[in-house]
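Have a look at the structure below, then the notes.
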Amino acid sequence: MNLFYLSPELSLVGVAIVVILLDLVVPNKTILAGVSLAGLSLPLAFSVALWGTNATTFNGMLTVDQFAILFKLLIVAIAALIILASVDYAGRFLAHHGEYYALILLAASGMMLMAATTEFITIYIALELSTLSLCALVCYRRDRPSSEAALKYLLLAVLSSAVLLYGMALIYGFTGTTSLVEIARNIGRNAIVLMGMVLLVAGFGFKIAAVPFQMWVPDVYEGAPTPITAYLSVASKAAGFAVVFRVFFTAFGSLDLAFDWALVFAILAAATMTLGNVAALTQTNIKRMLGYSSIANAGYLMVGLAAASALGRSSVVFFLAGYTLANLGAFIAIIAITNHIQSDRIDDFAGMSRRTPVLAAALAFCLISLIGLPPTVGFIAKVYIFSSAVAVGLTWLVLLAVVNSVISAYYYLRVVKVMYLSEPAEGPFPSSGALKVALAVSSLGVLVVGLLPYPLMRVAEVAAAGLLP
Amino acid sequence: MTVGLQHYLVLSAVLFSIGFYGAISKRNAVVILMSLEIMLNAVNITLVALSRYVTPVAMTGQVFAIFVMTVAAAEAALGLAIIIAIYRSRETVDVEKIDLMKW
Amino acid sequence: MASQLVWLIFLLPFLSFAVISLVVRPFLNGSARLSGYIAIAAIGGSLALSLLVLQEVIRAPGHELLIPRVTWVVIGTTELDLGLLVDSLTAVMLVVVSGVSLLVQIYSQGYMHGDAGYSRYFAFMSLFTGSMLGLVMADNLLQLFVFWEGVGLCSYLLIGFWFHRPSAANAAKKAFIVTRAGDFGLLVAILALYASSQAGTLNIKELHLLAETGALGGTFLTWAAIGIFAGAAGKSAQFPLHTWLPDAMEGPTPVSSLIHAATMVAAGVFLVARMFPLFEHSSQALATVAVIGAFTAIFAATMGLVAPDIKRVIAYSTISQLGYMMLGLGMGSVAAGIFHLFNHAFFKCLLFLGAGSVNHATGTFDMRQMGGLRRRMPWTFFTFVIASLSLAGIWPLSGFWSKDEILAVAFQGNFILFLLALATVFMTAFYSFRVIFLTFAGSYRGGASAGAGHGSQGDGHGAPSLHESPAVMVVPMVALSVMAIISGWFNLGGEFSGFLGEKAHPLGFFGALANPLALLSLGVAVAGIVAAYGVYGARWVSAEGLGRAFAPLYNVFIHKYWLDELYETVFVRWFLYTFIFGLMELFDTYIVDGLVNGAASLALGGGRALRRLQTGQLQAYGMAIFLGVLALGLIMVLIR
């Protein structure tokens with residue numbers, strides 16, 4: 001047992017406790033955001049220090065490899081941006097700031113663990129740690145939409161984790177172990193294993209918002225506080241995919257089984273992206289629209305999963321990073337705008353190009369990345385993921401994905417059109433510095449990675465390569 | 001008749017199904033929460049039984065069951081807190097009426 | 001020199017753009033002057049690095065630096081790289097672009113002083129400089145094209161800098177659309193080169209090799225080269241795509257100076273020079289370049305003879321001189337064309353800065369409202385005369401040397417084109433000194449009568465009080481005038497030509513005065529100056545009288561051959577409105593409404609239906625999970 005391997009998560013939990021305690025004594029609550037941000041440098045430093053290690057510890061429960069560390073870095077970065085984006089919002093709409101930031105950090109530690117665990121019990125614990133923290137955050141406004149969203153999120157999350165647990169129990173019963181590596185050794189292809197796999201897909205499908213386990217997404221996205229919606233849409237999804245990768249490639253990586261789950265994911269991908277994009281077409285609430293968009297993106301990600309190859313793995317990791325940048329950028333711009341106009345309706349974004357040109361331009365740019373047009377990271381990510389699927393012969397799926405991308409342009413560009421061509425209702429307004437920093441970081445990331453994608457591709461490749469059983 | 005692994009597994013499958021049915025048919029949020037607890041406990045029975053019959057030495061399943069119970073307690077606490085918050089703002093816990101957000 | 005430093009040459013201005021637009025504008029807008037300093041520091045760094053690169057290239061064997069390529073994307077087995085091609089041509093362009101850009105940005109501090117868009121201006125200028133430097137360093141056509149569009153975008157943004165002025169917004173739009181026409185040809189050529197079995201690569205060195213070995217040849221090569229030239233003609237404002245450049249003078253004058261005189265418009269000439277082996281192996285392509293170049297040279301000069309607006313005269317002069325460079329290239333001499341580009345950058349930039357300085361004082365660009373500025377603005381006058389002498393091609397200023405070389409190659413190549421070029425020399429000298437006599441000689445005609453009617457023509461500089469411009473503007477002008485004198489001497493012994501890989505026929509500093517061809521062109525230029533003096537200085541003949549005597553010609557010139565009207569009628573009204581829009585309407589009614597609308601309404605209807613699935617009912621969501629599990633189980637069963 002080497003606690004150093006667990007240091008990113010441990011330090012993060014420590015920071016969360018410090019923030020809660022500080023809340024008792026500090027009168028100025030913005031300090032808490034600063035402390036949380038500064039505290040994130042600890043897991044960041046530890047993760048960077050661990051880069052290059054390849055070790056398994058705690059009797060095979062925890063693996064520290066580049067795959068895990070890349071996701072840890074990604075989640076630390078997301079948490080930092082979410083905290084930056086929350087300062088203004090929390091000041092306006094929320095009470096109990098200490099617990100708010102602490103819960104963000106705790107959820108982050110749960111999601112970091114998800115990427116590193118290689119054993120069913122710890123996977124379950126990590127999953128629940130993140131889900132319960134997020135659920136409390138969803139409820140944080142405590143008004144009608146927020147509490148309704150939290151109730152739906154919690155009950156469905158517990159329901160699907162029960163399904164997940166049942167699947168885990170079946171696999172455990174057949175193989176006699178909960179460790180992923182040992183499962184891979186003992187596994188065979190029979191009814192029990194296949195049924196266990198189905199239940200696992202259903203359980204994880206909830207987390208990554210795959211059809212038909214995605215029903216919670218639009219409602220919860222709409223009801224949750226907007227920074228938490230952003231958090232759910234990127235961090236929760238990234239962690240979900242990380243754990244899916246671990247389980248399916250490590251435990252069920254044998255060619256025999258991979259054929260089964262790859263086909264299942266291909267079908268789910270087709271259904272997910274089509275439903276997400278088509279249902280997004282007629283949305284009028286921007287948070288809800290981005291909820292459907294997040295479902296659609298889960299569909300694209302599953303295209304890479306369905307490829308079930310090394311190329312597919314690295315493309316999904318790259319796509320997740322790119323999607324994170326673009327989606328966070330869009331959400332941060334939306335937070336900055338809705339903080340002022342207090343409405344999530346797309347029609348109320350009319351004339352934003354004149355009311356707040358920088359925010360409107362950044363939002364438009366991030367939406368263009370979500371469509372997948374150059375020169376943004378979204379373009380490279382889509383090319384990457386689609387070519388991984390073409391390489392294994394999933395041409396039909398890629399064609400469908402391309403058609404879907406075209407459909408998606410309609411609802412993304414509708415927002416751009418409203419912002420740029422409709423008459424503004426009122427005059428210009430300023431926005432807070434923290435939001436500007438967060439927005440600059442994410443939209444610059446979209447542009448820079450879009451122009452020079454290779455370094456990140458290389459990192460994704462290295463991370464995904466380490467995932468072999 | 002000796003009670004074997006199969007009996008436990010069937011029992012837990014039946015319990016799981018009852019819980020699932022309850023979760024998707026009951027309208028009272030508290031009852032749904034109870035149904036979910038039944039599902040989790042059904043899984044616990046499976047885990048403990050498998051532990052006893054498949055890996056009697058390692059006891060992995062029993063440890064797993066304890067963790068599930070712990071987490072279930074946290075879930076119940078959070079769930080009740082949310083239900084109270086909802087009851088305060090709407091004076092109902094009927095999930096059919098909690099549909100502010102749809103489409 | 002580390003290769004990372006070479007990358008920095010064009011990354012520094014981009015960095016400056018990022019810092020200005022992301023840090024200075026949002027957070028430090030109170031101290032806008034900072035943007036100017038950041039931009040100047042960045043471009044100063046680029047200039048220093050460019051000079052180092054020039055030194056290295058001079059020393060390097062084969063005059064080429066090998067810079068390690070950088071992987072752009074790798075997907076499976078497909079690998080795309082980014083690379084820099086740093087040879088003598090690149091090195092010359094780097095020094096010209098970064099040097100001129102530095103001086104113009106220093107000058108801009110004075111010129112743009114107090115403008116509301118001060119930070120935005122320097123952000124765009126940095127973006128432009130970065131793109132332009134990236135363009136000249138690109139080692140493959142795709143990369144080049146990206147930067148090519150980048151400078152086009154910056155040009156659009158900067159012409160329309162005062163976007164609240166309708167004429168500026170229209171000029172920006174016109175520039176964007178007209179150059180797009182040329183870029184279309186370039187894009188088609190690039191795609192054809194990539195897709196064809198003959199080439200199949202976009203790497204410039206590989207394309208050179210293919211053309212030289214004959215693997216790339218025949219009609220395909222000719223059309224590819226002409227496609228490339230179409231792009232070059234759009235950017236370098238060659239006939240018939242020249243109409244945007246005079247209108248582009250709506251932008252701030254330093255912009256005209258940097259982008260529309262010294263650098264971006266020269267990108268077309270650079271592109272032809274860069275792809276020269278492709279042109280060299282197709283006599284038709286080369287002939288096209290030469291003919292278009294020579295024709296543009298004299299064609300634009302005629303319009304420059306009569307234009308009343310000082311900036312427009314210089315703009316026509318730019319078009320004409322770009323035609324000269326194209327003529328040099330078309331006659332087969334890269335060195336002659338690029339040498340003229342090199343010299344032209346300095347003296348033409350200086351002319352624009354002088355015009356800006358005049359506008360700074362008078363608030364107008366209309367020469368009819370000027371006169372007598374010689375005594376009020378001695379420095380501006382002095383530098384303007386040097387630049388004009390250089391432009392006219394007077395020994396021993398820089399313009400003389402490069403112009404003479406182009407005349408020499410034209411003389412050996414084609415006698416008719418030579419005569420056109422020689423006639424242009426006369427006109428150039430004439431209109432250059434027409435500007436000087438109208439602006440600086442005589443007595444001031446502006447003042448009260450210059451009123452509000454013409455105030456709108458200026459760059460927003462209000463009350464005209466005649467004074468010399470501040471030192472921050474004068475110093476760059478003086479620096480440029482030094483270059484306008486001496487830059488021609490770099491080829492006295494054929495060093496410049498040799499550097500670009502061509503055998504030169506050096507005349508020597510005084511030897512030029514013994515060369516009959518050089519004497520001829522000098523004589524023609526002097527005749528032009530004397531004629532201008534006769535009409536506008538001494539008034540032996542009145543300009544109005546001349547205009548009446550040659551009324552038909554005068555009308556043709558002043559109306560710019562009615563090309564704007566022709567394009568308006570043919571392209572906009574007939575082609576666009578009637579044909580394209582008509583076609584689109586038909587398409588819309590019969591195909592879109594039938595097919596696409598069908599698909600669109602299907603999708604939207606599907607959207608409405610799928611929305612309804614999301615009932616907001618918790619139990620329904622739980623049911624979906626249950627059904628989902630069942631469906632997945634069914635799929636598993638059906639797989640085998």
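In the structure tokens, chains take the letters A, B, ... in the order shown, each chain's residues start at 1, and ligands count up from 1 in the order shown.
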Write out as JSON, numbers by chain each polymer residue whose atoms come within 10 Å of segment 256-262 of chain A, counting only C-alpha atoms; drop sequence neighbours fewer than 2 positions from it.
{"A": [187, 188, 189, 190, 193, 194, 197, 198, 201, 248, 249, 251, 252, 253, 254, 264, 265, 266, 267, 268, 302, 303, 304, 305, 306, 307, 308, 309], "C": [635, 636, 639, 640]}
Within 10 Å of chain B, which residues of chain C come that close, and what is the closest atom pair and distance in Å for each? Count only C-alpha atoms and give it as a tab-separated table.
```
residue	atom	partner	partner_atom	distance
C:Gly607	CA	B:Trp103	CA	9.9
C:Arg608	CA	B:Trp103	CA	8.5
C:Ala609	CA	B:Trp103	CA	9.3
C:Leu610	CA	B:Trp103	CA	8.1
C:Arg611	CA	B:Trp103	CA	4.5
C:Arg612	CA	B:Trp103	CA	5.4
C:Leu613	CA	B:Trp103	CA	7.1
C:Gln614	CA	B:Trp103	CA	4.9
C:Thr615	CA	B:Lys102	CA	5.3
C:Gly616	CA	B:Lys102	CA	4.2
C:Gln617	CA	B:Glu96	CA	5.8
C:Leu618	CA	B:Val95	CA	6.4
C:Gln619	CA	B:Ile24	CA	4.6
C:Ala620	CA	B:Ile24	CA	7.2
C:Tyr621	CA	B:Ile24	CA	8.2
C:Gly622	CA	B:Ile24	CA	5.4
C:Met623	CA	B:Ile24	CA	6.0
C:Ala624	CA	B:Ile24	CA	9.5
C:Ile625	CA	B:Ile24	CA	9.6
C:Phe626	CA	B:Phe20	CA	8.3
```
From a DSSP calculation on the backbone, collect every residue of chain B in helix (DSSP H, G or I) and output the set as an MDAnalysis selection string.
chainID B and resid 5:25 29:53 60:90
If we count only C-alpha atoms, what is near segment 111-118 of chain C at a cut-off of 9 Å, once residues fewer than 6 positions away on the same chain are taken out, given as a list in words?
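Close residues of segment 111-118 of chain C: Ala32, Arg33, Ser35, Gly36, Phe161, Trp162, Pro252, Thr253, Pro254, Gly356, Ser357, His360, Gly460, Ser469, Val472 and Met473 of chain C.
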List the neighbours of Ala168 of chain C out to 7 Å using only C-alpha atoms; skip same-chain residues closer than 4 positions along the sequence, and give me the result as a CSV table (one decimal) with C-alpha atoms, in the first residue's frame.
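Just written: result_32.csv:
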```csv
chain,number,residue,atom,x,y,z
C,159,ILE,CA,-10.3,48.3,-44.5
C,160,GLY,CA,-13.6,48.2,-42.6
C,162,TRP,CA,-14.2,52.5,-39.3
C,163,PHE,CA,-17.1,50.2,-40.0
C,172,ALA,CA,-14.2,46.0,-47.1
C,250,GLU,CA,-11.0,53.7,-47.0
C,251,GLY,CA,-9.0,52.0,-44.3
```
Contact set, chain A to chain B: 8 Å, only C-alpha atoms, as a VMD selection string
chain A and resid 121 125 128 132 136 139 142 to 145 147 to 148 150 to 151 154 to 155 158 to 159 162 165 to 166 169 172 to 173 176 to 178 218 to 219 222 to 223
Phe346 of chain C surroundings by only C-alpha atoms, 10 Å radius, close-in-sequence under 4 positions cut, as a list in words:
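Within the cut-off, the hits are Val96, Gly99, Val100, Ser257, Leu258, Ala261, Ala262, Leu341, Phe342, Leu350, Leu351, Ala387, Ser390, Ser398, Gly399, Met477, Ala479, Leu480, Ser481, Val482, Met483, Ala484, Ile485 and Ser487 of chain C.
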Check every residue of chain A for an atom within 7 Å of chain C, counting only C-alpha atoms, and provide those that qualify as a JSON list (two decimals) with N, CA, C and O atoms, in the first residue's frame.
```json
[["chain", "number", "residue", "atom", "x", "y", "z"],
["A", 152, "LYS", "N", -35.31, 13.62, -9.45],
["A", 152, "LYS", "CA", -35.24, 12.73, -10.61],
["A", 152, "LYS", "C", -33.84, 12.13, -10.74],
["A", 152, "LYS", "O", -33.68, 10.93, -10.99],
["A", 156, "LEU", "N", -33.32, 8.03, -10.14],
["A", 156, "LEU", "CA", -32.89, 7.26, -11.32],
["A", 156, "LEU", "C", -31.45, 6.78, -11.16],
["A", 156, "LEU", "O", -31.10, 5.68, -11.61],
["A", 195, "MET", "N", -25.55, -11.57, -19.55],
["A", 195, "MET", "CA", -26.57, -10.82, -18.84],
["A", 195, "MET", "C", -25.92, -9.80, -17.91],
["A", 195, "MET", "O", -26.37, -8.65, -17.81],
["A", 198, "VAL", "N", -24.95, -6.92, -19.98],
["A", 198, "VAL", "CA", -26.10, -6.07, -20.32],
["A", 198, "VAL", "C", -26.43, -5.13, -19.16],
["A", 198, "VAL", "O", -26.65, -3.93, -19.33],
["A", 199, "LEU", "N", -26.44, -5.70, -17.95],
["A", 199, "LEU", "CA", -26.78, -4.88, -16.79],
["A", 199, "LEU", "C", -25.71, -3.80, -16.56],
["A", 199, "LEU", "O", -26.03, -2.67, -16.18],
["A", 202, "ALA", "N", -26.28, -1.06, -19.00],
["A", 202, "ALA", "CA", -27.41, -0.24, -18.59],
["A", 202, "ALA", "C", -27.01, 0.70, -17.46],
["A", 202, "ALA", "O", -27.34, 1.89, -17.46],
["A", 212, "PRO", "N", -31.48, 4.10, -24.02],
["A", 212, "PRO", "CA", -32.61, 4.83, -23.41],
["A", 212, "PRO", "C", -32.40, 5.13, -21.93],
["A", 212, "PRO", "O", -33.37, 5.21, -21.21],
["A", 213, "PHE", "N", -31.17, 5.26, -21.51],
["A", 213, "PHE", "CA", -30.93, 5.55, -20.09],
["A", 213, "PHE", "C", -30.64, 7.03, -19.89],
["A", 213, "PHE", "O", -30.08, 7.44, -18.90],
["A", 215, "MET", "N", -32.93, 9.54, -20.10],
["A", 215, "MET", "CA", -34.13, 10.36, -19.90],
["A", 215, "MET", "C", -33.95, 11.47, -18.86],
["A", 215, "MET", "O", -34.56, 12.52, -18.95],
["A", 278, "VAL", "N", -32.06, 14.99, -32.95],
["A", 278, "VAL", "CA", -33.39, 15.31, -33.46],
["A", 278, "VAL", "C", -34.23, 15.99, -32.39],
["A", 278, "VAL", "O", -34.92, 16.97, -32.65],
["A", 279, "ALA", "N", -34.13, 15.50, -31.16],
["A", 279, "ALA", "CA", -34.93, 16.11, -30.11],
["A", 279, "ALA", "C", -34.43, 17.51, -29.77],
["A", 279, "ALA", "O", -35.19, 18.34, -29.29],
["A", 280, "ALA", "N", -33.16, 17.78, -30.04],
["A", 280, "ALA", "CA", -32.64, 19.12, -29.74],
["A", 280, "ALA", "C", -33.18, 20.16, -30.70],
["A", 280, "ALA", "O", -33.17, 21.36, -30.39],
["A", 281, "LEU", "N", -33.65, 19.73, -31.87],
["A", 281, "LEU", "CA", -34.02, 20.68, -32.93],
["A", 281, "LEU", "C", -35.06, 21.68, -32.48],
["A", 281, "LEU", "O", -35.00, 22.85, -32.85],
["A", 282, "THR", "N", -36.03, 21.23, -31.69],
["A", 282, "THR", "CA", -37.15, 22.12, -31.40],
["A", 282, "THR", "C", -37.11, 22.68, -29.98],
["A", 282, "THR", "O", -38.10, 23.18, -29.49],
["A", 311, "LEU", "N", -6.95, 2.78, -31.77],
["A", 311, "LEU", "CA", -7.25, 4.07, -32.40],
["A", 311, "LEU", "C", -8.55, 4.64, -31.84],
["A", 311, "LEU", "O", -8.65, 5.84, -31.54],
["A", 384, "TYR", "N", -11.10, 12.44, -36.18],
["A", 384, "TYR", "CA", -10.33, 11.40, -35.49],
["A", 384, "TYR", "C", -11.24, 10.21, -35.15],
["A", 384, "TYR", "O", -10.96, 9.05, -35.48],
["A", 452, "LEU", "N", -3.37, 23.17, -33.52],
["A", 452, "LEU", "CA", -2.21, 22.31, -33.30],
["A", 452, "LEU", "C", -2.61, 21.11, -32.45],
["A", 452, "LEU", "O", -2.33, 21.03, -31.26],
["A", 453, "PRO", "N", -3.30, 20.16, -33.06],
["A", 453, "PRO", "CA", -3.86, 19.07, -32.26],
["A", 453, "PRO", "C", -2.85, 17.99, -31.86],
["A", 453, "PRO", "O", -3.14, 17.20, -30.97],
["A", 454, "TYR", "N", -1.69, 17.98, -32.50],
["A", 454, "TYR", "CA", -0.87, 16.79, -32.35],
["A", 454, "TYR", "C", -0.42, 16.51, -30.92],
["A", 454, "TYR", "O", -0.48, 15.36, -30.48]]
```
Near-Pro27 of chain A list (12 Å; only C-alpha atoms; drop same-chain fewer than 6 positions) as a ChimeraX atom specification
/A:96-98
List the spatial neighbours of Leu180 of chain A as an MDAnalysis selection string - criterion: any atom at most 8 Å away, only C-alpha atoms, same-chain residues fewer than 6 positions off excluded.
chainID A and resid 118:120 247 250:251
Can you write just those residues out, N, CA and C atoms, as a tab-separated table (two decimals), in the first residue's frame?
```tsv
chain	number	residue	atom	x	y	z
A	118	THR	N	-9.82	-0.24	-10.48
A	118	THR	CA	-9.84	-1.43	-11.34
A	118	THR	C	-10.46	-2.58	-10.59
A	119	GLU	N	-11.50	-2.27	-9.83
A	119	GLU	CA	-12.11	-3.33	-9.04
A	119	GLU	C	-13.54	-2.90	-8.78
A	120	PHE	N	-14.49	-3.85	-8.80
A	120	PHE	CA	-15.90	-3.49	-8.79
A	120	PHE	C	-16.32	-2.70	-7.55
A	247	VAL	N	-13.61	-1.03	-17.51
A	247	VAL	CA	-14.35	-2.27	-17.33
A	247	VAL	C	-14.36	-3.08	-18.63
A	250	THR	N	-10.56	-3.85	-20.01
A	250	THR	CA	-9.75	-4.68	-19.15
A	250	THR	C	-10.44	-6.01	-18.82
A	251	ALA	N	-11.70	-5.92	-18.37
A	251	ALA	CA	-12.35	-7.15	-17.92
A	251	ALA	C	-12.91	-7.95	-19.10
```
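Distance-wise, atom CA of Tyr292 of chain A and atom CA of Ala90 of chain A end up 25.2 Å apart.
For the atom pair formed by atom CA of Gly450 of chain A and atom CA of Lys436 of chain A, the distance is 20.6 Å, given to one decimal.
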What are the closest atom pairs, with distances in Å to one decimal, for each residue of segment 39-157 of chain A lying within 7 Å of segment 229-240 of chain A, using only C-alpha atoms, rows by chain and rising residue number, as CSV?
```
residue,atom,partner,partner_atom,distance
A:Ile75,CA,A:Ala235,CA,6.0
A:Ile78,CA,A:Ala235,CA,6.6
A:Ile82,CA,A:Tyr231,CA,6.5
A:Met111,CA,A:Ala239,CA,5.4
A:Met114,CA,A:Ala239,CA,6.1
A:Ala115,CA,A:Ala239,CA,6.1
```
Let me make sure I understand: among A:Ser41, A:Ser36, A:Asn186, A:Thr272, which one has the smallest atom-to-atom distance to Phe206 of chain A if we use only C-alpha atoms?
A:Thr272
What is the distance, in Å and to one decimal place, between atom CA of Thr284 of chain A and atom CA of Asp347 of chain A?
7.5 Å
Using DSSP on the backbone, list every residue of segment 20-165 of chain A that comes out as strand (DSSP E), and give them as number ranges by chain.
A: 55-57, 62-64
Just to be explicit: take each residue in the selection above, keep C-alpha atoms, and write the result as a tab-separated table (two decimals), in the first residue's frame.
```tsv
chain	number	residue	atom	x	y	z
A	55	ALA	CA	1.53	0.71	-10.76
A	56	THR	CA	-1.29	-1.18	-9.13
A	57	THR	CA	-1.84	-0.84	-5.45
A	62	LEU	CA	-6.34	1.07	-7.70
A	63	THR	CA	-4.25	1.50	-10.81
A	64	VAL	CA	-2.06	4.48	-11.45
```
Residue with smallest distance to Pro227 of chain A - pool A:Ala85, A:Leu70, A:Ile371, A:Leu10, counting only C-alpha atoms
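That would be A:Ala85, the residue with the smallest distance to Pro227 of chain A.
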Each segment 2-99 of chain C residue no farther than 9 Å from segment 270-276 of chain C, nearest pair in Å, only C-alpha atoms, as a Markdown table:
```
| residue | atom | partner | partner_atom | distance |
| --- | --- | --- | --- | --- |
| C:Leu89 | CA | C:Arg274 | CA | 7.6 |
| C:Thr90 | CA | C:Arg274 | CA | 8.8 |
| C:Met93 | CA | C:Phe270 | CA | 8.2 |
```
